[in-house]
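Participant: Structure incoming, see below.
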Amino acid sequence: MSDVRAPVLLRAEGLVKTHHGEGAPACAVRGVDLSVARGEFVAVTGPSGAGKSTLLHLLGGLQRPDEGSIWLDGRCTDSYSEARWAEERRSGIGIVFQFFNLVSNLSVADNVELPALLAGRSPKQARAEREALLAELGLQGKERSMPGELSGGEQQRVALARALVNHPPLLLADEPAGSLDSKGTREVMRLLSRFHRRGQSIVLVTHDARLASAADRVISFFDGRIVDDAELDGTTPSRGPGISGVLELKD
């Protein structure tokens, strides 16, 4: 463990989110404070219905909190419009979902290149990034395939390539192995660990202890609240004024 603390990449303070639908309102996130250091891998675990996915959606701007604030690399997002959040998700935040969310009528190549093109990369740059990622993820020869022609594990690897094509500082993964078999789960775990070793910051929501074991730090989430927050060696992350859980980088 190094003595040099990494700067905070993501910080949330006082997040509250209540879902309104049929029946009584359901409070999914209840006053959550959270910080993620640059280069850190954080797993958020807890039972179904605990509010984990809602928390992740708040961190990625897919939902807005009823109360509280989020800072990305020191920038407060309170005033961000939907368009500004969309721009952030194109360049600053990659998101991987449980059910892949690939565009069904686009080829593998087009699914991966699309975020790069939307972010202003040239077609040549987008193609080069796509080729490199697909090669690394073992998807050579699948460029012209449609998502429906791939296995679940292959679709999730395409989704991971799409999320990383613009080299976002932060990757959010919402139950990325939730619809995969044990082999696919091991593959996702291996890939997340590989990119983390290269310095990728990751926040992973999972109910799978195997995936969580790949993280530096595991947060237990229950009934909309953080009930435990510890590094995997059993220590509690250091906390400073207004900043919770800033971790040291591993050597």
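Letters for chains follow the order of the structure tokens (A, B, ...), residue numbers begin at 1 for each chain, and ligand numbers begin at 1 in the order shown.
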Need the shell around segment 197-207 of chain A: protein/DNA/RNA residues with any atom at most 8 Å away, counting only C-alpha atoms. Skip same-chain ones fewer than 4 positions apart. Format as a ChimeraX atom specification?
Facilitator: /A:37-48,52-53,56,169-176,178,193,211-212
Participant: Identify, with DSSP run on backbone atoms, the residues in segment 10-133 of chain A assigned to strand (DSSP E or B), and express the list as a PyMOL selection string.
Facilitator: chain A and resi 10-19+26-37+41-45+67-72+75-76+93-96
Participant: Could you save those same residues with C-alpha atoms as an mmCIF file, in the first residue's frame?
Facilitator:
data_model
loop_
_atom_site.group_PDB
_atom_site.id
_atom_site.type_symbol
_atom_site.label_atom_id
_atom_site.label_comp_id
_atom_site.auth_asym_id
_atom_site.auth_seq_id
_atom_site.Cartn_x
_atom_site.Cartn_y
_atom_site.Cartn_z
ATOM 1 C CA LEU A 10 -16.166 10.963 -7.870
ATOM 2 C CA ARG A 11 -17.834 12.373 -4.769
ATOM 3 C CA ALA A 12 -21.451 12.256 -3.674
ATOM 4 C CA GLU A 13 -22.926 13.975 -0.628
ATOM 5 C CA GLY A 14 -26.342 13.478 0.899
ATOM 6 C CA LEU A 15 -27.903 11.631 -2.045
ATOM 7 C CA VAL A 16 -31.609 10.931 -1.646
ATOM 8 C CA LYS A 17 -33.872 9.323 -4.243
ATOM 9 C CA THR A 18 -37.514 8.285 -3.843
ATOM 10 C CA HIS A 19 -39.407 6.364 -6.507
ATOM 11 C CA ALA A 26 -40.270 3.958 -2.042
ATOM 12 C CA CYS A 27 -37.079 5.618 -0.820
ATOM 13 C CA ALA A 28 -34.290 3.843 -2.728
ATOM 14 C CA VAL A 29 -31.328 5.983 -1.600
ATOM 15 C CA ARG A 30 -31.271 7.579 1.831
ATOM 16 C CA GLY A 31 -28.633 10.257 2.430
ATOM 17 C CA VAL A 32 -25.618 8.522 0.879
ATOM 18 C CA ASP A 33 -22.118 10.015 1.103
ATOM 19 C CA LEU A 34 -19.496 8.372 -1.098
ATOM 20 C CA SER A 35 -16.108 9.145 -2.617
ATOM 21 C CA VAL A 36 -14.120 7.175 -5.172
ATOM 22 C CA ALA A 37 -10.438 7.841 -5.695
ATOM 23 C CA PHE A 41 -12.116 -0.284 -7.892
ATOM 24 C CA VAL A 42 -15.177 -0.133 -5.627
ATOM 25 C CA ALA A 43 -17.805 -2.868 -5.423
ATOM 26 C CA VAL A 44 -21.270 -2.050 -4.041
ATOM 27 C CA THR A 45 -22.998 -5.183 -2.778
ATOM 28 C CA GLU A 67 -31.523 15.827 -2.610
ATOM 29 C CA GLY A 68 -27.749 15.908 -2.512
ATOM 30 C CA SER A 69 -24.924 16.660 -4.925
ATOM 31 C CA ILE A 70 -22.405 14.829 -7.112
ATOM 32 C CA TRP A 71 -18.935 16.037 -8.068
ATOM 33 C CA LEU A 72 -17.012 14.609 -11.023
ATOM 34 C CA ARG A 75 -16.878 19.716 -10.818
ATOM 35 C CA CYS A 76 -20.302 19.975 -9.181
ATOM 36 C CA ILE A 93 -18.238 8.007 -17.789
ATOM 37 C CA GLY A 94 -18.579 4.566 -19.374
ATOM 38 C CA ILE A 95 -21.579 2.486 -18.291
ATOM 39 C CA VAL A 96 -22.108 -1.269 -18.611
#
Participant: Taking only segment 48-201 of chain A into account, list the residues labelled helix (DSSP H, G or I) by DSSP (computed from the backbone), as a ChimeraX atom specification.
Facilitator: /A:52-59,82-91,108-118,123-136,147-149,152-164,182-197
Participant: For segment 150-153 of chain A, please output as a PyMOL selection string all residues within 9 Å (counting only C-alpha atoms; exclusion window: fewer than 5 positions along the same chain).
Facilitator: chain A and resi 99-100+142+145+158+177+179-181+183-185+187-188
Participant: Measuring atom to atom with only C-alpha atoms, identify which of A:Glu129, A:Asp110, A:Asp208, A:Glu149 is nearest to His167 of chain A.
Facilitator: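 Of A:Glu129, A:Asp110, A:Asp208, A:Glu149, the one nearest His167 of chain A, counting only C-alpha atoms, is A:Glu129.
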Participant: What's the 9 Å shell around Glu87 of chain A, counting only C-alpha atoms, without same-chain residues fewer than 5 positions away, as a list in words?
Facilitator: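 Surrounding residues, per the criterion: Glu82, Gly92, Leu118 and Ala119 of chain A.
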Participant: Using only C-alpha atoms, please write the residues we just selected to a file, as an mmCIF file, in the first residue's frame.
Facilitator:
data_model
loop_
_atom_site.group_PDB
_atom_site.id
_atom_site.type_symbol
_atom_site.label_atom_id
_atom_site.label_comp_id
_atom_site.auth_asym_id
_atom_site.auth_seq_id
_atom_site.Cartn_x
_atom_site.Cartn_y
_atom_site.Cartn_z
ATOM 1 C CA GLU A 82 -29.683 16.325 -19.644
ATOM 2 C CA GLY A 92 -16.111 10.936 -18.977
ATOM 3 C CA LEU A 118 -20.632 11.037 -31.025
ATOM 4 C CA ALA A 119 -17.727 12.327 -28.930
#
Participant: Just to confirm, what's the straight-line distance from atom CA of Glu113 of chain A to atom CA of Phe195 of chain A in Å (one decimal)?
Facilitator: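 Those two atoms sit 19.1 Å apart.
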Participant: Just give me the gap between atom CA of Arg144 of chain A and atom CA of Val108 of chain A in Å, one decimal is fine.
Facilitator: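 Interatomic distance, atom CA of Arg144 of chain A to atom CA of Val108 of chain A: 6.0 Å.
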Participant: If we count only C-alpha atoms and set the cut-off at 12 Å, which residues sit around Ser81 of chain A, ignoring sequence neighbours fewer than 4 positions away in its own chain? Please answer as a short mmCIF file (atom, residue, chain, number, x, y, z; two decimals) with N, CA and C atoms, in the first residue's frame.
Facilitator:
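Result written to selection10.cif:
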data_model
loop_
_atom_site.label_atom_id
_atom_site.label_comp_id
_atom_site.auth_asym_id
_atom_site.auth_seq_id
_atom_site.Cartn_x
_atom_site.Cartn_y
_atom_site.Cartn_z
N GLY A 61 -25.77 10.02 -13.77
CA GLY A 61 -26.68 11.03 -14.34
C GLY A 61 -27.86 10.45 -15.08
N LEU A 62 -28.11 9.15 -14.94
CA LEU A 62 -29.27 8.54 -15.59
C LEU A 62 -30.55 8.85 -14.84
N GLN A 63 -30.41 9.13 -13.55
CA GLN A 63 -31.50 9.64 -12.74
C GLN A 63 -30.97 10.84 -11.96
N ARG A 64 -31.88 11.71 -11.52
CA ARG A 64 -31.48 12.87 -10.74
C ARG A 64 -31.85 12.66 -9.28
N THR A 77 -22.10 18.83 -10.31
CA THR A 77 -23.02 18.55 -11.43
C THR A 77 -24.44 19.06 -11.18
N TRP A 85 -25.18 15.97 -19.16
CA TRP A 85 -24.94 14.64 -18.64
C TRP A 85 -24.68 13.64 -19.77
N ALA A 86 -25.42 13.79 -20.86
CA ALA A 86 -25.19 12.90 -22.01
C ALA A 86 -23.77 13.06 -22.54
N GLU A 87 -23.30 14.29 -22.58
CA GLU A 87 -21.93 14.55 -23.02
C GLU A 87 -20.93 13.91 -22.06
N GLU A 88 -21.22 13.97 -20.77
CA GLU A 88 -20.34 13.37 -19.77
C GLU A 88 -20.28 11.86 -19.96
#
